[in-house]
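Visitor: Sending over a structure as structure tokens; questions will come in a sec.
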Amino acid sequence: MCGSFCTHAQAMAALEQVRARFARVVPIVSECTAATDTRFGEAHDLMREMERICGRRVIATIRDAEPIGPKKLLDLLIIAPCTGNTLGKLAAGVTDTCVTMAAKAHLRNDRPILLAPSTNDGLAGSAGNLGALMGRKNLYLVPFRQDDPEKKPASIVADFSLVAEAAECALEGLQLQPVLMGPAS
């Protein structure tokens with residue numbers, strides 16, 4: 001989970017759905033998410049709820065994320081929400097957060113990553129990064145749409161209700177379609 005704080009409630013609902021479908025879920029958060037209280041909630045409460053859902057401690061440091069690769073701890077890594085900042089870091093190969101370290105460590109094992117983009121510049125500054133990642137092996141997307149085409153025309157947000165289904169597809173090496181969805185009803 002990254003710092004798109006306004007989508008954390010949706011991401012938590014998705015986490016519940018993922019946990020219901022998969023036996024073992026390891027929660028991982030960016031340092032920003034682990035440390036930032038916002039108008040959407042307090043960081044401590046979010047961490048505690050993630051730990052309750054998953055039945056294990058949240059990974060929130062680069063040091064704790066690094067063994068994911070060598071120990072082959074995950075079959076699939078889901079980054080939900082995935083901010084524009086994280087999209088850019090993944091596209092450029094930057095590993096300076098817990099989440100980007102988890103991704104780097106996981107990809108070394110030739111295993112899938114599922115991204116649920118949520119960014120105000122997804123159709124602007126982050127569009128190139130999103131496009132670059134869409135073409136990479138083992139990277140899949142939760143279908144997304146424009147967040148608010150009239151007020152925020154460049155903003156995109158994943159359909160978090162599809163995270164668990166997209167995860168199953170990614171584990172099979174498939175991209176859930178359509179990737180770009182029409183307006184929310």
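Note on naming: chains are A, B, ... as they come in the structure tokens, residues start from 1 per chain, ligands start from 1 in the order shown.
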Pick out the residues sitting within 12 Å of A:Thr100, and hand them over as a VMD selection string; count only C-alpha atoms, and ignore anything fewer than 3 positions along from it in its own chain.

Guide: chain A and resid 1 to 2 28 to 31 60 to 63 65 to 66 68 77 to 79 82 to 83 85 to 97 103 to 107 113 115

Visitor: Create the file for the chosen residues now, containing N, CA, C and O atoms and written as a compact mmCIF listing (two decimals), in the first residue's frame.

Guide:
```txt
# COMPACT_ATOMS: atom_id res chain seq x y z
N MET A 1 0.85 -1.18 0.00
CA MET A 1 0.00 0.00 0.00
C MET A 1 0.89 1.23 0.00
O MET A 1 1.82 1.32 0.79
N CYS A 2 0.59 2.13 -0.91
CA CYS A 2 1.31 3.41 -0.99
C CYS A 2 0.40 4.53 -0.51
O CYS A 2 -0.72 4.30 -0.10
N ILE A 28 2.35 -4.98 3.18
CA ILE A 28 3.55 -4.16 2.98
C ILE A 28 3.08 -2.73 2.73
O ILE A 28 2.17 -2.52 1.92
N VAL A 29 3.69 -1.78 3.40
CA VAL A 29 3.31 -0.37 3.20
C VAL A 29 4.56 0.48 2.99
O VAL A 29 5.64 0.15 3.47
N SER A 30 4.36 1.58 2.28
CA SER A 30 5.45 2.54 2.14
C SER A 30 5.68 3.21 3.49
O SER A 30 4.80 3.26 4.35
N GLU A 31 6.88 3.72 3.66
CA GLU A 31 7.21 4.41 4.90
C GLU A 31 6.29 5.60 5.11
O GLU A 31 5.87 5.88 6.24
N ALA A 60 7.24 -2.58 6.81
CA ALA A 60 7.24 -1.13 6.58
C ALA A 60 8.64 -0.53 6.49
O ALA A 60 8.79 0.68 6.60
N THR A 61 9.67 -1.36 6.29
CA THR A 61 11.03 -0.85 6.13
C THR A 61 11.70 -1.56 4.96
O THR A 61 11.36 -2.70 4.63
N ILE A 62 12.65 -0.88 4.36
CA ILE A 62 13.43 -1.48 3.27
C ILE A 62 14.12 -2.74 3.77
O ILE A 62 14.12 -3.77 3.10
N ARG A 63 14.68 -2.67 4.96
CA ARG A 63 15.38 -3.83 5.53
C ARG A 63 14.47 -5.05 5.62
O ARG A 63 14.87 -6.17 5.28
N ALA A 65 11.78 -5.61 3.84
CA ALA A 65 11.28 -6.00 2.51
C ALA A 65 12.34 -6.73 1.69
O ALA A 65 11.99 -7.52 0.81
N GLU A 66 13.59 -6.50 1.94
CA GLU A 66 14.67 -7.07 1.12
C GLU A 66 14.64 -8.60 1.04
O GLU A 66 14.86 -9.16 -0.03
N ILE A 68 12.29 -10.59 0.72
CA ILE A 68 11.21 -11.09 -0.12
C ILE A 68 11.76 -11.84 -1.33
O ILE A 68 11.26 -12.89 -1.70
N LEU A 77 2.92 -9.97 -5.84
CA LEU A 77 2.98 -8.73 -5.08
C LEU A 77 1.91 -7.80 -5.64
O LEU A 77 1.87 -7.59 -6.85
N ILE A 78 1.05 -7.30 -4.78
CA ILE A 78 0.01 -6.36 -5.17
C ILE A 78 0.35 -5.01 -4.56
O ILE A 78 0.53 -4.91 -3.35
N ILE A 79 0.43 -3.98 -5.40
CA ILE A 79 0.66 -2.63 -4.91
C ILE A 79 -0.63 -1.86 -5.13
O ILE A 79 -0.97 -1.47 -6.25
N CYS A 82 -1.25 2.21 -5.95
CA CYS A 82 0.09 2.51 -6.49
C CYS A 82 0.07 3.95 -6.98
O CYS A 82 -0.60 4.28 -7.95
N THR A 83 0.79 4.79 -6.28
CA THR A 83 0.80 6.23 -6.59
C THR A 83 1.62 6.53 -7.85
O THR A 83 2.41 5.70 -8.32
N ASN A 85 4.06 8.53 -7.91
CA ASN A 85 5.44 8.52 -7.44
C ASN A 85 6.03 7.10 -7.52
O ASN A 85 7.14 6.90 -8.02
N THR A 86 5.27 6.12 -7.06
CA THR A 86 5.75 4.73 -7.11
C THR A 86 5.80 4.24 -8.55
O THR A 86 6.74 3.52 -8.92
N LEU A 87 4.84 4.60 -9.39
CA LEU A 87 4.89 4.23 -10.81
C LEU A 87 6.20 4.72 -11.42
O LEU A 87 6.87 3.99 -12.15
N GLY A 88 6.56 5.97 -11.14
CA GLY A 88 7.79 6.55 -11.67
C GLY A 88 9.03 5.82 -11.18
O GLY A 88 9.96 5.56 -11.95
N LYS A 89 9.05 5.51 -9.91
CA LYS A 89 10.20 4.79 -9.35
C LYS A 89 10.33 3.40 -9.95
O LYS A 89 11.43 2.96 -10.29
N LEU A 90 9.22 2.70 -10.10
CA LEU A 90 9.26 1.37 -10.70
C LEU A 90 9.72 1.44 -12.15
O LEU A 90 10.52 0.61 -12.59
N ALA A 91 9.23 2.42 -12.89
CA ALA A 91 9.61 2.57 -14.29
C ALA A 91 11.09 2.87 -14.44
O ALA A 91 11.74 2.41 -15.39
N ALA A 92 11.65 3.62 -13.49
CA ALA A 92 13.06 4.01 -13.55
C ALA A 92 13.99 3.05 -12.81
O ALA A 92 15.21 3.24 -12.82
N GLY A 93 13.43 2.06 -12.14
CA GLY A 93 14.26 1.13 -11.39
C GLY A 93 14.79 1.68 -10.09
O GLY A 93 15.79 1.20 -9.57
N VAL A 94 14.11 2.67 -9.53
CA VAL A 94 14.53 3.27 -8.26
C VAL A 94 14.01 2.42 -7.10
O VAL A 94 12.84 2.05 -7.06
N THR A 95 14.90 2.13 -6.17
CA THR A 95 14.56 1.29 -5.02
C THR A 95 14.89 2.05 -3.74
O THR A 95 15.92 1.83 -3.13
N ASP A 96 14.02 2.96 -3.35
CA ASP A 96 14.30 3.77 -2.16
C ASP A 96 13.16 3.79 -1.16
O ASP A 96 13.15 4.60 -0.24
N THR A 97 12.20 2.89 -1.32
CA THR A 97 11.12 2.75 -0.34
C THR A 97 10.91 1.26 -0.08
O THR A 97 11.38 0.41 -0.84
N ALA A 103 9.15 -4.76 -4.61
CA ALA A 103 8.97 -5.02 -6.04
C ALA A 103 10.25 -5.53 -6.67
O ALA A 103 10.25 -6.53 -7.40
N LYS A 104 11.36 -4.86 -6.40
CA LYS A 104 12.64 -5.29 -6.96
C LYS A 104 12.98 -6.71 -6.50
O LYS A 104 13.38 -7.57 -7.29
N ALA A 105 12.82 -6.96 -5.22
CA ALA A 105 13.16 -8.26 -4.65
C ALA A 105 12.26 -9.36 -5.23
O ALA A 105 12.72 -10.46 -5.52
N HIS A 106 11.00 -9.03 -5.44
CA HIS A 106 10.04 -9.99 -5.97
C HIS A 106 10.28 -10.29 -7.45
O HIS A 106 10.22 -11.45 -7.87
N LEU A 107 10.56 -9.25 -8.23
CA LEU A 107 10.78 -9.44 -9.67
C LEU A 107 12.00 -10.29 -9.98
O LEU A 107 12.05 -10.94 -11.02
N ILE A 113 3.71 -8.95 -10.52
CA ILE A 113 3.33 -7.81 -9.69
C ILE A 113 2.05 -7.23 -10.28
O ILE A 113 1.93 -7.07 -11.49
N LEU A 115 -0.40 -3.91 -10.14
CA LEU A 115 -0.45 -2.51 -9.76
C LEU A 115 -1.88 -1.99 -9.84
O LEU A 115 -2.56 -2.22 -10.84
```

Visitor: Identify, on the basis of only C-alpha atoms, every residue whose closest approach to stretch 138-147 of chain A does not exceed 9 Å; exclude the query and any residue fewer than 6 positions from it along the same chain; express the result as JSON, numbers by chain.

Guide: {"A": [80, 107, 110, 111, 112, 113, 114, 115, 116, 117, 118, 119, 120, 122, 123, 153, 154, 155, 156, 157, 158, 159, 160, 162, 163, 165, 166, 167, 169, 170, 173, 174, 175, 176, 177, 178, 179, 180, 181, 182, 183, 184]}

Visitor: Write a file of the just-selected residues containing N, CA and C atoms, as a compact mmCIF listing (two decimals), in the first residue's frame.

Guide:
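Final output, result05.txt:
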```txt
# COMPACT_ATOMS: atom_id res chain seq x y z
N ALA A 80 -1.39 -1.69 -4.04
CA ALA A 80 -2.71 -1.09 -4.11
C ALA A 80 -2.96 -0.23 -2.88
N LEU A 107 10.56 -9.25 -8.23
CA LEU A 107 10.78 -9.44 -9.67
C LEU A 107 12.00 -10.29 -9.98
N ASP A 110 11.19 -13.65 -11.07
CA ASP A 110 10.37 -13.82 -12.27
C ASP A 110 8.92 -14.10 -11.91
N ARG A 111 8.43 -13.36 -10.89
CA ARG A 111 7.06 -13.54 -10.42
C ARG A 111 6.26 -12.26 -10.65
N PRO A 112 4.93 -12.37 -10.72
CA PRO A 112 4.09 -11.23 -11.11
C PRO A 112 3.88 -10.17 -10.02
N ILE A 113 3.71 -8.95 -10.52
CA ILE A 113 3.33 -7.81 -9.69
C ILE A 113 2.05 -7.23 -10.28
N LEU A 114 1.10 -6.91 -9.42
CA LEU A 114 -0.16 -6.31 -9.81
C LEU A 114 -0.21 -4.89 -9.26
N LEU A 115 -0.40 -3.91 -10.14
CA LEU A 115 -0.45 -2.51 -9.76
C LEU A 115 -1.88 -1.99 -9.84
N ALA A 116 -2.31 -1.28 -8.80
CA ALA A 116 -3.62 -0.63 -8.79
C ALA A 116 -3.37 0.88 -8.79
N PRO A 117 -3.24 1.48 -9.98
CA PRO A 117 -2.84 2.88 -10.03
C PRO A 117 -3.88 3.83 -9.43
N SER A 118 -3.39 4.82 -8.74
CA SER A 118 -4.23 5.88 -8.18
C SER A 118 -3.37 7.13 -8.12
N THR A 119 -3.57 8.01 -9.11
CA THR A 119 -2.73 9.20 -9.18
C THR A 119 -3.44 10.32 -9.92
N ASN A 120 -3.25 11.53 -9.45
CA ASN A 120 -3.88 12.69 -10.07
C ASN A 120 -3.25 13.06 -11.41
N GLY A 122 -2.11 10.60 -13.76
CA GLY A 122 -1.99 9.36 -14.53
C GLY A 122 -2.10 9.55 -16.02
N LEU A 123 -2.82 10.57 -16.46
CA LEU A 123 -2.95 10.87 -17.89
C LEU A 123 -2.16 12.11 -18.26
N PRO A 153 -9.16 16.00 -14.97
CA PRO A 153 -9.11 15.23 -16.22
C PRO A 153 -7.89 14.31 -16.38
N ALA A 154 -6.83 14.53 -15.64
CA ALA A 154 -5.64 13.68 -15.76
C ALA A 154 -5.58 12.59 -14.69
N SER A 155 -6.54 12.58 -13.76
CA SER A 155 -6.53 11.68 -12.62
C SER A 155 -7.10 10.31 -12.98
N ILE A 156 -6.41 9.24 -12.53
CA ILE A 156 -6.91 7.88 -12.73
C ILE A 156 -6.97 7.17 -11.38
N VAL A 157 -7.86 6.18 -11.32
CA VAL A 157 -7.98 5.37 -10.11
C VAL A 157 -8.40 3.95 -10.51
N ALA A 158 -7.76 2.98 -9.87
CA ALA A 158 -8.10 1.58 -10.11
C ALA A 158 -9.49 1.28 -9.58
N ASP A 159 -10.12 0.28 -10.16
CA ASP A 159 -11.38 -0.23 -9.63
C ASP A 159 -11.00 -1.27 -8.58
N PHE A 160 -10.95 -0.84 -7.33
CA PHE A 160 -10.47 -1.69 -6.25
C PHE A 160 -11.33 -2.94 -6.04
N LEU A 162 -11.98 -4.95 -8.20
CA LEU A 162 -11.44 -5.96 -9.11
C LEU A 162 -10.06 -6.47 -8.72
N VAL A 163 -9.53 -6.02 -7.58
CA VAL A 163 -8.17 -6.42 -7.19
C VAL A 163 -8.03 -7.93 -7.06
N GLU A 165 -9.83 -10.38 -8.35
CA GLU A 165 -9.97 -11.03 -9.66
C GLU A 165 -8.73 -10.78 -10.51
N ALA A 166 -8.22 -9.55 -10.51
CA ALA A 166 -7.01 -9.23 -11.27
C ALA A 166 -5.82 -10.01 -10.73
N ALA A 167 -5.79 -10.25 -9.41
CA ALA A 167 -4.71 -11.03 -8.81
C ALA A 167 -4.72 -12.46 -9.32
N CYS A 169 -5.90 -13.48 -12.17
CA CYS A 169 -5.44 -13.43 -13.56
C CYS A 169 -3.92 -13.29 -13.63
N ALA A 170 -3.36 -12.39 -12.84
CA ALA A 170 -1.91 -12.16 -12.86
C ALA A 170 -1.15 -13.43 -12.49
N GLY A 173 -0.66 -15.34 -15.42
CA GLY A 173 0.06 -14.67 -16.49
C GLY A 173 -0.85 -13.91 -17.44
N LEU A 174 -2.04 -13.54 -16.97
CA LEU A 174 -3.02 -12.85 -17.80
C LEU A 174 -3.33 -11.46 -17.26
N GLN A 175 -3.62 -10.54 -18.16
CA GLN A 175 -4.05 -9.20 -17.79
C GLN A 175 -5.58 -9.17 -17.82
N LEU A 176 -6.21 -8.82 -16.70
CA LEU A 176 -7.66 -8.66 -16.66
C LEU A 176 -8.04 -7.53 -17.60
N GLN A 177 -9.05 -7.76 -18.43
CA GLN A 177 -9.47 -6.79 -19.43
C GLN A 177 -10.89 -6.31 -19.13
N PRO A 178 -11.27 -5.14 -19.59
CA PRO A 178 -10.41 -4.14 -20.21
C PRO A 178 -9.56 -3.44 -19.15
N VAL A 179 -8.37 -2.99 -19.53
CA VAL A 179 -7.51 -2.28 -18.60
C VAL A 179 -8.04 -0.89 -18.34
N LEU A 180 -8.41 -0.20 -19.40
CA LEU A 180 -8.95 1.16 -19.27
C LEU A 180 -10.47 1.07 -19.33
N MET A 181 -11.10 1.41 -18.23
CA MET A 181 -12.55 1.28 -18.11
C MET A 181 -13.24 2.60 -18.41
N GLY A 182 -14.52 2.52 -18.75
CA GLY A 182 -15.33 3.69 -18.97
C GLY A 182 -15.69 4.37 -17.67
N PRO A 183 -16.44 5.44 -17.74
CA PRO A 183 -16.82 6.20 -16.53
C PRO A 183 -17.56 5.32 -15.53
N ALA A 184 -17.41 5.65 -14.25
CA ALA A 184 -18.12 4.94 -13.19
C ALA A 184 -19.61 5.25 -13.33
```

Visitor: In Å, how far is it from atom CA of A:Glu51 to atom CA of A:Val26?

Guide: 8.8 Å

Visitor: Could you jot down the atom CA of A:Phe5 to atom CA of A:Phe22 separation for me, Å, one decimal place?

Guide: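 Result for atom CA of A:Phe5 versus atom CA of A:Phe22: 24.8 Å, one decimal.
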
Visitor: DSSP says helix (DSSP H, G or I) for which residues of stretch 9-175 of chain A? Put them as an MDAnalysis selection string?

Guide: chainID A and resid 9:21 31:35 43:54 62:68 84:92 98:107 127:134 160:171

Visitor: Extract the full set of strand (DSSP E) residues from chain A according to DSSP on the backbone, and format it as a list in words.

Guide: Leu77, Ile78, Ile79, Ala80, Pro81, Cys82, Ile113, Leu114, Leu115, Ala116, Pro117, Ser118, Thr119, Leu139, Tyr140, Leu141, Phe144, Arg145, Gln146, Asp147, Asp148, Lys152, Pro153, Ala154, Ser155, Ile156, Val157 and Ala158 of chain A

Visitor: Export, as a PDB file, in the first residue's frame, the selected residues with N, CA and C atoms.

Guide:
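Writing the result to part.pdb gives the following:
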```
ATOM      1  N   LEU A  77       2.920  -9.974  -5.840  1.00  0.00           N
ATOM      2  CA  LEU A  77       2.980  -8.726  -5.076  1.00  0.00           C
ATOM      3  C   LEU A  77       1.909  -7.803  -5.641  1.00  0.00           C
ATOM      4  N   ILE A  78       1.051  -7.303  -4.776  1.00  0.00           N
ATOM      5  CA  ILE A  78       0.014  -6.356  -5.172  1.00  0.00           C
ATOM      6  C   ILE A  78       0.349  -5.008  -4.565  1.00  0.00           C
ATOM      7  N   ILE A  79       0.434  -3.981  -5.402  1.00  0.00           N
ATOM      8  CA  ILE A  79       0.664  -2.627  -4.906  1.00  0.00           C
ATOM      9  C   ILE A  79      -0.631  -1.857  -5.133  1.00  0.00           C
ATOM     10  N   ALA A  80      -1.392  -1.692  -4.037  1.00  0.00           N
ATOM     11  CA  ALA A  80      -2.715  -1.088  -4.110  1.00  0.00           C
ATOM     12  C   ALA A  80      -2.961  -0.231  -2.877  1.00  0.00           C
ATOM     13  N   PRO A  81      -3.040   1.061  -3.030  1.00  0.00           N
ATOM     14  CA  PRO A  81      -2.904   1.818  -4.264  1.00  0.00           C
ATOM     15  C   PRO A  81      -1.440   1.994  -4.660  1.00  0.00           C
ATOM     16  N   CYS A  82      -1.245   2.212  -5.951  1.00  0.00           N
ATOM     17  CA  CYS A  82       0.086   2.509  -6.489  1.00  0.00           C
ATOM     18  C   CYS A  82       0.072   3.949  -6.976  1.00  0.00           C
ATOM     19  N   ILE A 113       3.711  -8.951 -10.523  1.00  0.00           N
ATOM     20  CA  ILE A 113       3.330  -7.812  -9.688  1.00  0.00           C
ATOM     21  C   ILE A 113       2.053  -7.228 -10.277  1.00  0.00           C
ATOM     22  N   LEU A 114       1.102  -6.914  -9.420  1.00  0.00           N
ATOM     23  CA  LEU A 114      -0.161  -6.306  -9.813  1.00  0.00           C
ATOM     24  C   LEU A 114      -0.210  -4.887  -9.261  1.00  0.00           C
ATOM     25  N   LEU A 115      -0.403  -3.913 -10.142  1.00  0.00           N
ATOM     26  CA  LEU A 115      -0.445  -2.508  -9.761  1.00  0.00           C
ATOM     27  C   LEU A 115      -1.880  -1.990  -9.843  1.00  0.00           C
ATOM     28  N   ALA A 116      -2.313  -1.284  -8.804  1.00  0.00           N
ATOM     29  CA  ALA A 116      -3.623  -0.631  -8.793  1.00  0.00           C
ATOM     30  C   ALA A 116      -3.368   0.876  -8.786  1.00  0.00           C
ATOM     31  N   PRO A 117      -3.237   1.476  -9.976  1.00  0.00           N
ATOM     32  CA  PRO A 117      -2.842   2.884 -10.030  1.00  0.00           C
ATOM     33  C   PRO A 117      -3.879   3.826  -9.434  1.00  0.00           C
ATOM     34  N   SER A 118      -3.387   4.821  -8.737  1.00  0.00           N
ATOM     35  CA  SER A 118      -4.227   5.877  -8.183  1.00  0.00           C
ATOM     36  C   SER A 118      -3.370   7.133  -8.122  1.00  0.00           C
ATOM     37  N   THR A 119      -3.569   8.005  -9.111  1.00  0.00           N
ATOM     38  CA  THR A 119      -2.729   9.195  -9.184  1.00  0.00           C
ATOM     39  C   THR A 119      -3.442  10.316  -9.924  1.00  0.00           C
ATOM     40  N   LEU A 139       4.382  -7.557 -15.084  1.00  0.00           N
ATOM     41  CA  LEU A 139       3.662  -6.432 -14.489  1.00  0.00           C
ATOM     42  C   LEU A 139       2.250  -6.387 -15.059  1.00  0.00           C
ATOM     43  N   TYR A 140       1.282  -6.349 -14.162  1.00  0.00           N
ATOM     44  CA  TYR A 140      -0.128  -6.359 -14.533  1.00  0.00           C
ATOM     45  C   TYR A 140      -0.819  -5.196 -13.835  1.00  0.00           C
ATOM     46  N   LEU A 141      -1.965  -4.802 -14.370  1.00  0.00           N
ATOM     47  CA  LEU A 141      -2.705  -3.676 -13.816  1.00  0.00           C
ATOM     48  C   LEU A 141      -4.107  -4.085 -13.399  1.00  0.00           C
ATOM     49  N   PHE A 144      -8.500   0.351 -14.540  1.00  0.00           N
ATOM     50  CA  PHE A 144      -8.652   1.688 -13.974  1.00  0.00           C
ATOM     51  C   PHE A 144      -9.460   2.569 -14.908  1.00  0.00           C
ATOM     52  N   ARG A 145      -9.857   3.733 -14.368  1.00  0.00           N
ATOM     53  CA  ARG A 145     -10.627   4.710 -15.138  1.00  0.00           C
ATOM     54  C   ARG A 145     -10.230   6.100 -14.699  1.00  0.00           C
ATOM     55  N   GLN A 146     -10.712   7.083 -15.437  1.00  0.00           N
ATOM     56  CA  GLN A 146     -10.528   8.458 -14.979  1.00  0.00           C
ATOM     57  C   GLN A 146     -11.304   8.635 -13.684  1.00  0.00           C
ATOM     58  N   ASP A 147     -10.682   9.305 -12.757  1.00  0.00           N
ATOM     59  CA  ASP A 147     -11.267   9.518 -11.439  1.00  0.00           C
ATOM     60  C   ASP A 147     -12.452  10.488 -11.519  1.00  0.00           C
ATOM     61  N   ASP A 148     -12.232  11.653 -12.073  1.00  0.00           N
ATOM     62  CA  ASP A 148     -13.250  12.696 -12.199  1.00  0.00           C
ATOM     63  C   ASP A 148     -12.917  13.489 -13.459  1.00  0.00           C
ATOM     64  N   LYS A 152     -10.907  16.697 -12.587  1.00  0.00           N
ATOM     65  CA  LYS A 152      -9.514  16.224 -12.553  1.00  0.00           C
ATOM     66  C   LYS A 152      -9.261  15.373 -13.799  1.00  0.00           C
ATOM     67  N   PRO A 153      -9.162  15.999 -14.966  1.00  0.00           N
ATOM     68  CA  PRO A 153      -9.109  15.233 -16.222  1.00  0.00           C
ATOM     69  C   PRO A 153      -7.890  14.315 -16.380  1.00  0.00           C
ATOM     70  N   ALA A 154      -6.829  14.528 -15.636  1.00  0.00           N
ATOM     71  CA  ALA A 154      -5.637  13.677 -15.758  1.00  0.00           C
ATOM     72  C   ALA A 154      -5.580  12.591 -14.686  1.00  0.00           C
ATOM     73  N   SER A 155      -6.545  12.581 -13.763  1.00  0.00           N
ATOM     74  CA  SER A 155      -6.527  11.675 -12.624  1.00  0.00           C
ATOM     75  C   SER A 155      -7.105  10.307 -12.985  1.00  0.00           C
ATOM     76  N   ILE A 156      -6.410   9.244 -12.530  1.00  0.00           N
ATOM     77  CA  ILE A 156      -6.912   7.884 -12.725  1.00  0.00           C
ATOM     78  C   ILE A 156      -6.970   7.167 -11.382  1.00  0.00           C
ATOM     79  N   VAL A 157      -7.861   6.179 -11.316  1.00  0.00           N
ATOM     80  CA  VAL A 157      -7.982   5.374 -10.105  1.00  0.00           C
ATOM     81  C   VAL A 157      -8.397   3.954 -10.508  1.00  0.00           C
ATOM     82  N   ALA A 158      -7.760   2.978  -9.873  1.00  0.00           N
ATOM     83  CA  ALA A 158      -8.096   1.579 -10.110  1.00  0.00           C
ATOM     84  C   ALA A 158      -9.488   1.284  -9.577  1.00  0.00           C
TER      85      ALA A 158
END
```
